[in-house]
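Text of input31.cif (mmCIF, C-alpha atoms and all ligand atoms) as supplied:
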```cif
data_entry
#
loop_
_atom_site.label_atom_id
_atom_site.label_comp_id
_atom_site.auth_asym_id
_atom_site.auth_seq_id
_atom_site.Cartn_x
_atom_site.Cartn_y
_atom_site.Cartn_z
CA MET A 1305 13.66 9.04 13.55
CA ALA A 1306 14.61 12.27 15.33
CA LYS A 1307 17.43 12.73 12.80
CA GLU A 1308 14.96 12.28 9.94
CA ALA A 1309 12.50 14.73 11.50
CA ALA A 1310 15.35 17.25 11.84
CA LEU A 1311 16.39 16.71 8.20
CA PHE A 1312 12.76 17.18 7.13
CA LEU A 1313 12.48 20.45 9.03
CA ARG A 1314 15.82 21.69 7.60
CA GLN A 1315 14.66 20.84 4.08
CA PHE A 1316 11.40 22.70 4.70
CA LEU A 1317 13.28 25.78 5.94
CA THR A 1318 15.63 25.65 2.93
CA ASN A 1319 12.91 25.11 0.35
CA PRO A 1320 9.43 25.66 1.84
CA LEU A 1321 7.53 25.54 -1.46
CA GLN A 1322 9.13 22.27 -2.55
CA VAL A 1323 8.66 20.48 0.79
CA SER A 1324 5.51 22.27 1.94
CA SER A 1325 5.21 20.54 5.31
CA VAL A 1326 7.22 20.71 8.54
CA VAL A 1327 6.83 17.03 9.43
CA PRO A 1328 6.74 13.81 7.39
CA SER A 1329 3.46 11.94 6.87
CA SER A 1330 2.29 9.49 9.53
CA ARG A 1331 2.39 5.71 9.17
CA TRP A 1332 -1.43 5.71 9.12
CA LEU A 1333 -1.43 7.93 6.05
CA ALA A 1334 1.27 5.68 4.53
CA ARG A 1335 -0.99 2.66 5.05
CA ALA A 1336 -3.97 4.43 3.47
CA MET A 1337 -1.90 5.54 0.47
CA ALA A 1338 -0.69 1.95 -0.14
CA GLN A 1339 -4.13 0.35 0.24
CA GLY A 1340 -4.77 -2.18 -2.54
CA LEU A 1341 -1.07 -2.70 -3.34
CA GLY A 1342 0.54 -6.10 -2.82
CA PRO A 1343 3.18 -8.55 -3.99
CA ASN A 1344 1.50 -8.92 -7.40
CA SER A 1345 0.93 -5.24 -8.10
CA GLY A 1346 3.63 -5.03 -10.74
CA ARG A 1347 5.68 -1.86 -11.14
CA VAL A 1348 4.94 1.00 -8.76
CA VAL A 1349 6.32 4.57 -8.83
CA GLU A 1350 6.44 7.06 -5.96
CA PHE A 1351 6.70 10.83 -6.44
CA GLY A 1352 8.22 13.03 -3.70
CA PRO A 1353 9.14 10.39 -1.10
CA GLY A 1354 10.94 12.79 1.28
CA THR A 1355 12.28 10.69 4.16
CA GLY A 1356 10.45 7.58 2.88
CA VAL A 1357 7.40 7.19 5.13
CA LEU A 1358 5.11 6.36 2.19
CA THR A 1359 7.88 4.19 0.71
CA GLU A 1360 7.80 2.11 3.90
CA GLY A 1361 4.01 1.78 3.56
CA ILE A 1362 4.34 0.60 -0.06
CA LEU A 1363 6.98 -1.98 0.87
CA ALA A 1364 4.98 -3.08 3.95
CA ALA A 1365 2.00 -3.73 1.64
CA GLY A 1366 4.20 -6.35 -0.08
CA VAL A 1367 5.45 -4.55 -3.20
CA PRO A 1368 8.92 -6.01 -3.89
CA PRO A 1369 11.62 -3.28 -3.65
CA GLU A 1370 12.84 -4.24 -7.15
CA ASN A 1371 9.42 -3.18 -8.48
CA LEU A 1372 9.50 0.27 -6.88
CA THR A 1373 10.98 3.45 -8.42
CA LEU A 1374 11.19 6.79 -6.61
CA TYR A 1375 11.50 10.37 -7.93
CA GLU A 1376 12.78 12.86 -5.37
CA MET A 1377 14.05 16.38 -6.20
CA SER A 1378 16.01 17.03 -3.00
CA PRO A 1379 19.60 15.69 -3.05
CA SER A 1380 19.62 15.39 0.78
CA PHE A 1381 16.44 13.28 0.85
CA THR A 1382 17.77 11.20 -2.06
CA LYS A 1383 20.96 10.40 -0.15
CA LEU A 1384 18.95 9.28 2.89
CA LEU A 1385 16.56 7.21 0.74
CA ARG A 1386 19.45 5.42 -1.03
CA ALA A 1387 20.88 4.42 2.36
CA LYS A 1388 17.48 3.25 3.69
CA PHE A 1389 16.21 1.41 0.60
CA PRO A 1390 19.22 -0.07 -1.24
CA LYS A 1391 17.08 -2.35 -3.46
CA VAL A 1392 14.71 0.40 -4.60
CA THR A 1393 15.50 2.40 -7.78
CA ILE A 1394 15.84 6.05 -6.77
CA HIS A 1395 16.13 9.03 -9.11
CA ASN A 1396 17.24 12.42 -7.86
CA ALA A 1397 14.94 14.09 -10.37
CA ALA A 1398 11.62 15.83 -10.80
CA ALA A 1399 8.52 13.67 -11.06
CA GLN A 1400 7.98 14.77 -14.67
CA ALA A 1401 11.22 12.98 -15.66
CA VAL A 1402 9.31 9.70 -15.30
CA VAL A 1403 8.27 10.11 -18.95
CA GLY A 1404 11.11 8.77 -21.01
CA ASP A 1405 12.70 7.04 -17.98
CA MET A 1406 10.01 4.43 -17.41
CA LYS A 1407 8.30 2.09 -19.83
CA PRO A 1408 4.48 2.49 -19.80
CA GLY A 1409 2.47 -0.18 -17.99
CA VAL A 1410 3.06 0.96 -14.40
CA SER A 1411 0.21 -0.11 -12.12
CA ALA A 1412 0.25 2.70 -9.56
CA VAL A 1413 1.85 6.09 -8.95
CA ILE A 1414 1.80 7.05 -5.27
CA SER A 1415 2.35 10.78 -4.85
CA GLY A 1416 3.44 12.61 -1.73
CA LEU A 1417 3.99 15.79 -3.74
CA PRO A 1418 2.55 19.03 -2.36
CA LEU A 1419 0.40 19.53 -5.46
CA LEU A 1420 -1.90 22.11 -3.85
CA SER A 1421 1.11 24.39 -3.29
CA MET A 1422 1.95 24.26 -6.99
CA PRO A 1423 0.51 26.34 -9.85
CA LEU A 1424 -2.38 24.64 -11.68
CA ALA A 1425 -0.31 24.14 -14.86
CA VAL A 1426 2.46 22.35 -12.93
CA ARG A 1427 -0.06 20.09 -11.15
CA GLU A 1428 -1.53 19.19 -14.52
CA SER A 1429 1.88 18.42 -16.05
CA ILE A 1430 2.75 16.12 -13.14
CA VAL A 1431 -0.52 14.16 -13.28
CA LYS A 1432 -0.28 13.98 -17.07
CA ALA A 1433 3.26 12.57 -16.76
CA ALA A 1434 1.96 9.91 -14.36
CA PHE A 1435 -0.77 8.85 -16.81
CA ASP A 1436 1.76 8.75 -19.66
CA ILE A 1437 3.40 5.76 -17.92
CA LEU A 1438 0.38 4.23 -16.15
CA ALA A 1439 -1.30 1.10 -17.53
CA PRO A 1440 -4.87 1.60 -18.86
CA ASP A 1441 -6.30 0.52 -15.48
CA GLY A 1442 -3.52 2.19 -13.48
CA VAL A 1443 -4.18 4.48 -10.52
CA TYR A 1444 -2.63 7.76 -9.40
CA VAL A 1445 -2.92 8.15 -5.62
CA GLN A 1446 -2.54 11.63 -4.13
CA PHE A 1447 -3.23 13.00 -0.67
CA THR A 1448 -4.05 16.60 0.08
CA TYR A 1449 -4.63 18.55 3.27
CA GLY A 1450 -7.70 20.17 1.77
CA THR A 1451 -11.19 18.87 1.04
CA LYS A 1452 -10.85 18.99 -2.74
CA PRO A 1453 -8.69 16.96 -5.12
CA ALA A 1454 -5.61 18.67 -6.58
CA LEU A 1455 -7.07 19.08 -10.09
CA THR A 1456 -10.11 21.13 -11.14
CA GLU A 1457 -13.12 19.61 -12.94
CA GLU A 1458 -11.87 21.27 -16.16
CA GLN A 1459 -8.43 19.70 -15.79
CA LEU A 1460 -9.91 16.28 -15.08
CA ALA A 1461 -12.06 16.54 -18.22
CA LYS A 1462 -9.10 17.74 -20.30
CA LEU A 1463 -6.94 14.81 -19.17
CA GLY A 1464 -9.83 12.32 -19.45
CA LEU A 1465 -9.67 11.39 -15.77
CA LYS A 1466 -12.10 10.73 -12.93
CA VAL A 1467 -11.35 11.04 -9.24
CA SER A 1468 -12.77 9.35 -6.17
CA ALA A 1469 -12.23 10.30 -2.55
CA GLY A 1470 -10.53 7.64 -0.43
CA PRO A 1471 -10.11 7.61 3.34
CA LYS A 1472 -9.66 10.68 5.49
CA VAL A 1473 -6.68 10.08 7.77
CA TRP A 1474 -7.10 11.98 11.03
CA LEU A 1475 -3.91 10.62 12.56
CA ASN A 1476 -1.66 12.84 10.49
CA ILE A 1477 -0.36 16.40 10.88
CA PRO A 1478 -2.47 17.93 9.47
CA PRO A 1479 -5.26 15.39 8.75
CA ALA A 1480 -5.17 14.36 5.10
CA ARG A 1481 -7.57 13.02 2.46
CA VAL A 1482 -6.52 10.32 -0.02
CA PHE A 1483 -7.74 10.67 -3.63
CA HIS A 1484 -7.64 8.03 -6.40
CA PHE A 1485 -7.38 9.23 -10.02
CA ARG A 1486 -8.17 6.86 -12.89
CA ARG A 1487 -8.90 7.14 -16.60
CA ALA A 1488 -12.56 7.99 -17.09
C1 LIG B 1 5.20 17.26 1.55
S1 LIG B 1 6.80 16.49 1.26
C2 LIG B 1 6.21 14.80 1.43
C3 LIG B 1 7.29 13.82 1.77
C4 LIG B 1 6.77 12.40 1.99
N1 LIG B 1 6.11 11.88 0.81
C5 LIG B 1 5.81 12.35 3.14
O1 LIG B 1 4.60 12.21 2.87
O2 LIG B 1 6.25 12.45 4.29
C6 LIG B 1 7.02 16.70 -0.49
C7 LIG B 1 8.23 16.00 -1.10
O3 LIG B 1 8.16 16.13 -2.53
C8 LIG B 1 9.45 16.53 -3.03
N2 LIG B 1 9.19 17.23 -4.30
C9 LIG B 1 8.60 18.44 -4.48
N3 LIG B 1 8.42 18.70 -5.78
C10 LIG B 1 8.89 17.61 -6.46
C11 LIG B 1 8.94 17.24 -7.85
N4 LIG B 1 8.48 18.05 -8.80
N5 LIG B 1 9.45 16.02 -8.16
C12 LIG B 1 9.91 15.18 -7.19
N6 LIG B 1 9.90 15.48 -5.88
C13 LIG B 1 9.39 16.66 -5.51
C14 LIG B 1 10.03 17.37 -1.92
O4 LIG B 1 11.44 17.47 -2.02
C15 LIG B 1 9.57 16.57 -0.69
O5 LIG B 1 10.45 15.52 -0.43
#
```

Take the structure from the file and write it as structure tokens.
Amino acid sequence: MAKEAALFLRQFLTNPLQVSSVVPSSRWLARAMAQGLGPNSGRVVEFGPGTGVLTEGILAAGVPPENLTLYEMSPSFTKLLRAKFPKVTIHNAAAQAVVGDMKPGVSAVISGLPLLSMPLAVRESIVKAAFDILAPDGVYVQFTYGTKPALTEEQLAKLGLKVSAGPKVWLNIPPARVFHFRRA
């Protein structure tokens, strides 16, 4: 764990905008992000897994590792993730690469990406990519450290999405809010 925390901090110092946090998420946030997932959830995708805290939450909820696919940009995190989760499919690629890689019909995209640190157009392209592969009733789950979701009202309307606020997780540094995005 200490090694992973050190790797996380090093990755933050090397690429602060991409990592955007000095410590990984807590297991309480991981549990909240994976709420509603289970053995029969079908295919699940995770964006920006880092050291894999949310991945552990998804697997602990019962999603079989064969049904889980990760997209992580950092080669160092990808190497660690491949060692920790040998049965999970792991791409060292940007989240947007999911389009073309994955067949549509995915039930959930769990995102640990620092969307609020990204320009609005990039946020929109990432959420759009998620909905390009999500099933009609699929859900995009995103936490933020702010009070608002990562897309504006205009962007939600443009993409045909609605958002609902999930739990606030106080046991996280900093406290985080979970948001669920679905087709309107
Ligand atoms: C705030 S960290 C969160 C890590 C982990 N999900 C957690 O909650 O502890 C953001 C992660 O997203 C990755 N990342 C940033 N932009 C990305 C992108 N466009 N596609 C895939 N991964 C990305 C970073 O390398 C980092 O691992």

Legend entry - Using all atoms listed in the file: which of A:Thr1456, A:Asn1371, A:Ser1380, A:Asn1396 has the shortest distance to Thr1359 in chain A: A:Asn1371

Legend entry - At most 7 Å from ligand LIG 1 (chain B) (only C-alpha atoms and all ligand atoms): residue list as a PyMOL selection string: chain A and resi 1322-1325+1327-1329+1351-1358+1375-1378+1381+1397-1400+1415-1418

Legend entry - Residue nearest Asp1436 in chain A among A:Pro1471, A:Pro1369, A:Gly1409, A:Pro1479 (counting all atoms listed in the file): A:Gly1409

Inset, instruction - Identify, on the basis of all atoms listed in the file, every residue whose closest approach to Arg1331 in chain A does not exceed 10 Å; exclude the query and any residue fewer than 6 positions from it along the same chain; express the result as a ChimeraX atom specification. - result: /A:1337,1357-1358,1360-1361,1475-1476

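Here the question is which of A:Gly1464, A:Pro1343, A:Pro1408, A:Gly1450 gets nearest to Ala1480 in chain A using all atoms listed in the file, and that residue is A:Gly1450.
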
Inset, instruction - Counting only C-alpha atoms, figure out which residue out of A:Gly1366, A:Pro1390, A:Pro1440, A:Pro1320 gets nearest to Arg1486 in chain A. - result: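 Among A:Gly1366, A:Pro1390, A:Pro1440, A:Pro1320, it is A:Pro1440 that comes nearest to Arg1486 in chain A.
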
Show which residues sit within 10 Å of Ala1425 in chain A, as a JSON list (two decimals) with C-alpha atoms, in the frame of the given file. Count all atoms listed in the file, and ignore same-chain residues fewer than 3 positions away.
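Saved to result.json:
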```json
[["chain", "number", "residue", "atom", "x", "y", "z"],
["A", 1422, "MET", "CA", 1.95, 24.26, -6.99],
["A", 1428, "GLU", "CA", -1.53, 19.19, -14.52],
["A", 1429, "SER", "CA", 1.88, 18.42, -16.05],
["A", 1430, "ILE", "CA", 2.75, 16.12, -13.14],
["A", 1455, "LEU", "CA", -7.07, 19.08, -10.09],
["A", 1459, "GLN", "CA", -8.43, 19.70, -15.79]]
```

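You will find CA of Phe1485 in chain A at 13.7 Å from CA of Leu1419 in chain A.
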
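The shortest atom-to-atom distance to His1395 in chain A, with all atoms listed in the file taken into account, belongs to A:Val1349 out of A:Val1426, A:Ala1364, A:Ser1330, A:Val1349.
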
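The residue that comes closest to Ile1437 in chain A, out of A:Leu1420, A:Ala1454, A:Met1406, A:Leu1372 and on the basis of all atoms listed in the file, is A:Met1406.
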
Legend entry - For CA of Trp1332 in chain A and CA of Ala1412 in chain A, the interatomic separation in Å (one decimal):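 Taking CA of Trp1332 in chain A and CA of Ala1412 in chain A, their separation equals 19.0 Å.
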
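Between CA of Ala1365 in chain A and CA of Arg1347 in chain A there is a distance of 13.4 Å.
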
Do you know which residues lie at most 10 Å from (-3.9, 1.3, -12.1), with coordinates as in the file and only C-alpha atoms counted, and could you write them as a PDB file with C-alpha atoms, keeping the file's coordinate frame?
```pdb
ATOM      1  CA  SER A1345       0.930  -5.240  -8.100  1.00  0.00           C
ATOM      2  CA  GLY A1346       3.630  -5.030 -10.740  1.00  0.00           C
ATOM      3  CA  VAL A1348       4.940   1.000  -8.760  1.00  0.00           C
ATOM      4  CA  GLY A1409       2.470  -0.180 -17.990  1.00  0.00           C
ATOM      5  CA  VAL A1410       3.060   0.960 -14.400  1.00  0.00           C
ATOM      6  CA  SER A1411       0.210  -0.110 -12.120  1.00  0.00           C
ATOM      7  CA  ALA A1412       0.250   2.700  -9.560  1.00  0.00           C
ATOM      8  CA  VAL A1413       1.850   6.090  -8.950  1.00  0.00           C
ATOM      9  CA  PHE A1435      -0.770   8.850 -16.810  1.00  0.00           C
ATOM     10  CA  LEU A1438       0.380   4.230 -16.150  1.00  0.00           C
ATOM     11  CA  ALA A1439      -1.300   1.100 -17.530  1.00  0.00           C
ATOM     12  CA  PRO A1440      -4.870   1.600 -18.860  1.00  0.00           C
ATOM     13  CA  ASP A1441      -6.300   0.520 -15.480  1.00  0.00           C
ATOM     14  CA  GLY A1442      -3.520   2.190 -13.480  1.00  0.00           C
ATOM     15  CA  VAL A1443      -4.180   4.480 -10.520  1.00  0.00           C
ATOM     16  CA  TYR A1444      -2.630   7.760  -9.400  1.00  0.00           C
ATOM     17  CA  VAL A1445      -2.920   8.150  -5.620  1.00  0.00           C
ATOM     18  CA  HIS A1484      -7.640   8.030  -6.400  1.00  0.00           C
ATOM     19  CA  PHE A1485      -7.380   9.230 -10.020  1.00  0.00           C
ATOM     20  CA  ARG A1486      -8.170   6.860 -12.890  1.00  0.00           C
ATOM     21  CA  ARG A1487      -8.900   7.140 -16.600  1.00  0.00           C
TER      22      ARG A1487
END
```

Inset, instruction - Identify the residues around (15.3, 16.2, 10.5) within a radius of 12 Å, measuring from all atoms listed in the file in the coordinates stated by the file, and give them as a list in words. - result: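 Within 12 Å of (15.3, 16.2, 10.5), the protein and nucleic acid residues are Met1305, Ala1306, Lys1307, Glu1308, Ala1309, Ala1310, Leu1311, Phe1312, Leu1313, Arg1314, Gln1315, Phe1316, Leu1317, Val1326, Val1327, Pro1328, Gly1354, Thr1355, Ser1380, Phe1381 and Leu1384 of chain A.
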
Centre and edges of the range 1323-1338 of chain A box, axis-aligned, 3 Å extra per side, as AutoDock Vina command-line options:
```
--center_x 2.3 --center_y 12.1 --center_z 4.7 --size_x 18.6 --size_y 26.3 --size_z 15.7
```
